Amino acid sequence: MALTGRTAALAASGVFVVALLPGWHGVLAVALPLLAAVLYDLARAAPVRSLRLERSGAASARLGDRAEVHLTVTNPSGRLLRAKLRDAWPPSSWQPGTPYEASRHRLTVPPGERRRLTTVLAPTRRGDHQSVRVTVRSHGPLGLAARQGSHAVPWTVRVLPPFTSRRHLPAKLSRLRELDGRTAVLARGEGTEFDSLRDYVPGDDVRSIDWRATARQSTVAVRTWRPERDRHLLLVLDTGRTSAGRVGDVPRLDAAMDAALLLTALASRAGDRVDLLAYDRAVRAAVRGRRAGDVLPAVVQALAPLRSELIETDAAGMVTAAMAGAPRRSLVVLFTTLETAPVELELLPVLPRLTARHPVIVAAVADPRIAEMSRSRGTPSAVYEAAAAARHELERARTVRRLRDTGVTVVEAPPEDLPPALADAYLALKMAGRL
């Protein structure tokens, strides 16, 4: 049961009656009629427990978009339902400052009828957002008292990564079509797949001349090549402690996800197979053996609930898991940090096991704040910041050099530049026939 503000106002106005009739007579003259009115209101209020509630609507949405979840309320009783309803969700399901208004509804449902309410969610975090409960407060006709109860109406909205880098996909696909020979530009070189023969044009690489075909005709024939197809890519996301760090407003893990999604979309369009592995000390997510048309949705669904774990990554275990996921020659893209200690103490000793069998790309998120600090001058604290940034950049350069000495391709860029930079590195390896 719940009493309303109207009941409190009537009780307060009874002070004047008590002043005119001091003692128990005045108190009873106020309390008894008010109690009778409250009991009558409760008796006429529609029951809450017998209400039937059902959900429908959006089951997924991209981070930054809105999701509409519908709630159908059926009143099977013979009384008119006048109610206030609260549709409770986790705090991260709403924009800051809006949960109170967005989660509350007023409704009137005649006996035997139903009404549909719409709750608009605006999630601020990835992952699965599950409804908490629906609380209904059913008021009587006098508005003095209400019956109140809660219902568990399960519903889950999966909030997917925003994939903001998809705006780069048309440009990368255009470049891919050029490499694939669908336009006038044809890629040739060692290790690429033979495409067709054509007449020699001055300026062509003489190594592309097909002497056997030339001997059978009156003109010089040259081979044209296209990038290798049906190659295997394994994307490995480090979900350990370092992936939880934020660069600006974006966690490193989210920036790595955005780059992984762009590379997945590009590689699947290029005819390559893409698998995914998320690892710290155990496998947190995996996508294997999906067809080109299914792999991007599968990767998006696998990445949506992924979280950084505040533990040190087991680099040896991650390399072992990567080798198990890529039994044949594959392009392994490792999304991790370039911090000196984790790389030099953990990753570098075991990385040669991976580079001996596979070409490897290490993709890392650079912090533009470091460049800003290195330019700081004018105050003692700014000079100290510049010195710290310079030392950090020297250590980072040494780490990158040691990685490249093992045969690794290193791609490091700020969050918004990492996806296109990684796509360019993939296309360069494809054009060179190194996949």
# chains A, B, ... in the order shown; residues from 1 in each chain; ligands from 1
call {"tool": "closest_atom_pairs", "arguments": {"of": "segment 243-273 of chain A", "to": "segment 124-138 of chain A", "cutoff": "12 Å", "atoms": "only C-alpha atoms", "output": "CSV"}}
result
residue,atom,partner,partner_atom,distance
A:Val250,CA,A:Arg125,CA,11.2
A:Pro251,CA,A:Arg125,CA,11.3
A:Leu253,CA,A:Arg126,CA,11.6
A:Asp254,CA,A:Arg126,CA,9.4
A:Met257,CA,A:Arg126,CA,11.5
call {"tool": "select_by_dssp", "arguments": {"residues": "segment 177-346 of chain A", "states": "strand (DSSP E or B)", "output": "VMD selection string"}}
result
chain A and resid 193 to 199 209 221 to 226 232 to 238 246 to 247 250 to 251 273 to 279 283 to 287 331 to 335
call {"tool": "residues_around", "arguments": {"residues": "segment 363-380 of chain A", "least_positions_apart": "6", "cutoff": "8 Å", "atoms": "only C-alpha atoms", "output": "number ranges by chain"}}
result
A: 247-248, 252, 255-256, 333-338, 386-390, 410-415, 418, 422
call {"tool": "write_last_selection", "arguments": {"atoms": "N, CA and C atoms", "output": "tab-separated table (two decimals), in the first residue's frame"}}
result
chain	number	residue	atom	x	y	z
A	247	VAL	N	42.15	6.17	-23.58
A	247	VAL	CA	42.84	7.17	-24.41
A	247	VAL	C	41.79	8.21	-24.76
A	248	GLY	N	41.86	9.36	-24.10
A	248	GLY	CA	40.76	10.32	-24.21
A	248	GLY	C	39.54	9.75	-23.52
A	252	ARG	N	41.03	1.52	-24.48
A	252	ARG	CA	41.88	0.91	-25.52
A	252	ARG	C	41.19	-0.30	-26.15
A	255	ALA	N	38.75	0.86	-28.82
A	255	ALA	CA	39.43	1.31	-30.03
A	255	ALA	C	39.95	0.11	-30.83
A	256	ALA	N	40.46	-0.90	-30.15
A	256	ALA	CA	40.91	-2.11	-30.84
A	256	ALA	C	39.74	-2.83	-31.51
A	333	VAL	N	46.85	-10.91	-36.40
A	333	VAL	CA	46.82	-9.50	-36.00
A	333	VAL	C	46.60	-9.47	-34.49
A	334	LEU	N	47.59	-8.98	-33.78
A	334	LEU	CA	47.57	-8.96	-32.32
A	334	LEU	C	47.29	-7.54	-31.85
A	335	PHE	N	46.14	-7.34	-31.21
A	335	PHE	CA	45.77	-6.04	-30.66
A	335	PHE	C	46.21	-6.00	-29.20
A	336	THR	N	47.26	-5.25	-28.93
A	336	THR	CA	47.80	-5.21	-27.58
A	336	THR	C	48.44	-3.85	-27.35
A	337	THR	N	49.17	-3.72	-26.27
A	337	THR	CA	49.83	-2.47	-25.93
A	337	THR	C	51.29	-2.50	-26.37
A	338	LEU	N	51.89	-1.33	-26.45
A	338	LEU	CA	53.32	-1.24	-26.71
A	338	LEU	C	54.08	-0.74	-25.49
A	386	ALA	N	57.05	17.41	-20.48
A	386	ALA	CA	57.75	17.21	-21.75
A	386	ALA	C	58.87	16.20	-21.60
A	387	ALA	N	59.59	16.25	-20.46
A	387	ALA	CA	60.66	15.29	-20.24
A	387	ALA	C	60.12	13.87	-20.10
A	388	ALA	N	58.98	13.73	-19.37
A	388	ALA	CA	58.37	12.40	-19.20
A	388	ALA	C	57.89	11.86	-20.55
A	389	ALA	N	57.31	12.75	-21.37
A	389	ALA	CA	56.84	12.32	-22.69
A	389	ALA	C	58.00	11.90	-23.58
A	390	ALA	N	59.10	12.64	-23.52
A	390	ALA	CA	60.27	12.28	-24.34
A	390	ALA	C	60.83	10.93	-23.93
A	410	VAL	N	54.41	-3.40	-37.20
A	410	VAL	CA	53.82	-2.64	-36.09
A	410	VAL	C	52.97	-1.51	-36.66
A	411	VAL	N	51.73	-1.45	-36.23
A	411	VAL	CA	50.82	-0.37	-36.61
A	411	VAL	C	50.38	0.31	-35.32
A	412	GLU	N	50.75	1.56	-35.16
A	412	GLU	CA	50.39	2.33	-33.97
A	412	GLU	C	49.79	3.66	-34.41
A	413	ALA	N	48.62	3.99	-33.88
A	413	ALA	CA	47.94	5.22	-34.28
A	413	ALA	C	46.92	5.57	-33.20
A	414	PRO	N	46.50	6.84	-33.14
A	414	PRO	CA	45.42	7.23	-32.22
A	414	PRO	C	44.13	6.46	-32.53
A	415	PRO	N	43.19	6.45	-31.60
A	415	PRO	CA	41.98	5.62	-31.77
A	415	PRO	C	41.25	5.85	-33.09
A	418	LEU	N	43.60	4.43	-36.06
A	418	LEU	CA	44.08	3.04	-36.06
A	418	LEU	C	43.33	2.16	-37.07
A	422	LEU	N	45.43	0.22	-39.99
A	422	LEU	CA	45.52	-1.24	-39.99
A	422	LEU	C	45.01	-1.81	-41.31
call {"tool": "closest_residue", "arguments": {"among": "A:Leu81, A:Leu354, A:Leu262, A:Ala341", "to": "Thr242 of chain A", "atoms": "only C-alpha atoms"}}
result
A:Ala341
call {"tool": "residues_around", "arguments": {"residues": "Thr409 of chain A", "least_positions_apart": "4", "cutoff": "7 Å", "atoms": "only C-alpha atoms", "output": "compact mmCIF listing (two decimals) with N, CA, C and O atoms, in the first residue's frame"}}
result
# COMPACT_ATOMS: atom_id res chain seq x y z
N VAL A 360 52.89 -11.55 -38.78
CA VAL A 360 52.24 -11.01 -37.60
C VAL A 360 52.19 -9.48 -37.70
O VAL A 360 53.18 -8.83 -38.06
N ILE A 361 51.03 -8.93 -37.36
CA ILE A 361 50.87 -7.49 -37.20
C ILE A 361 50.53 -7.22 -35.74
O ILE A 361 49.63 -7.86 -35.19
N VAL A 362 51.24 -6.29 -35.12
CA VAL A 362 50.90 -5.82 -33.78
C VAL A 362 50.25 -4.45 -33.94
O VAL A 362 50.88 -3.51 -34.43
N ARG A 404 60.00 -5.12 -34.57
CA ARG A 404 60.26 -5.21 -36.00
C ARG A 404 61.47 -6.09 -36.30
O ARG A 404 61.52 -6.71 -37.37
call {"tool": "atom_distance", "arguments": {"atom1": "atom CA of Asp280 of chain A", "atom2": "atom CA of Ala260 of chain A"}}
result
17.0 Å
call {"tool": "atom_distance", "arguments": {"atom1": "atom CA of Gly240 of chain A", "atom2": "atom CA of Pro305 of chain A"}}
result
15.0 Å
call {"tool": "residues_around", "arguments": {"residues": "Ala285 of chain A", "least_positions_apart": "5", "cutoff": "7 Å", "atoms": "only C-alpha atoms", "output": "ChimeraX atom specification"}}
result
/A:277-278,302
call {"tool": "residues_around", "arguments": {"residues": "Ala59 of chain A", "least_positions_apart": "6", "cutoff": "7 Å", "atoms": "only C-alpha atoms", "output": "JSON, numbers by chain"}}
result
{"A": [156, 157, 158]}
call {"tool": "write_last_selection", "arguments": {"atoms": "all heavy atoms", "output": "CSV table (one decimal), in the first residue's frame"}}
result
chain,number,residue,atom,x,y,z
A,156,THR,N,16.3,-8.6,-22.5
A,156,THR,CA,17.7,-8.2,-22.6
A,156,THR,C,17.9,-7.5,-23.9
A,156,THR,O,17.4,-7.9,-25.0
A,156,THR,CB,18.6,-9.5,-22.6
A,156,THR,OG1,18.4,-10.2,-21.4
A,156,THR,CG2,20.1,-9.1,-22.8
A,157,VAL,N,18.6,-6.4,-23.8
A,157,VAL,CA,19.0,-5.6,-25.0
A,157,VAL,C,20.5,-5.6,-25.1
A,157,VAL,O,21.2,-5.2,-24.2
A,157,VAL,CB,18.5,-4.1,-24.9
A,157,VAL,CG1,19.1,-3.3,-26.1
A,157,VAL,CG2,17.0,-4.1,-24.9
A,158,ARG,N,21.0,-6.2,-26.1
A,158,ARG,CA,22.5,-6.3,-26.3
A,158,ARG,C,22.9,-5.1,-27.1
A,158,ARG,O,22.5,-4.8,-28.2
A,158,ARG,CB,22.9,-7.6,-27.1
A,158,ARG,CG,24.3,-7.6,-27.5
A,158,ARG,CD,24.8,-9.0,-27.8
A,158,ARG,NE,24.9,-9.8,-26.6
A,158,ARG,CZ,25.5,-11.0,-26.5
A,158,ARG,NH1,26.0,-11.5,-27.7
A,158,ARG,NH2,25.6,-11.6,-25.4
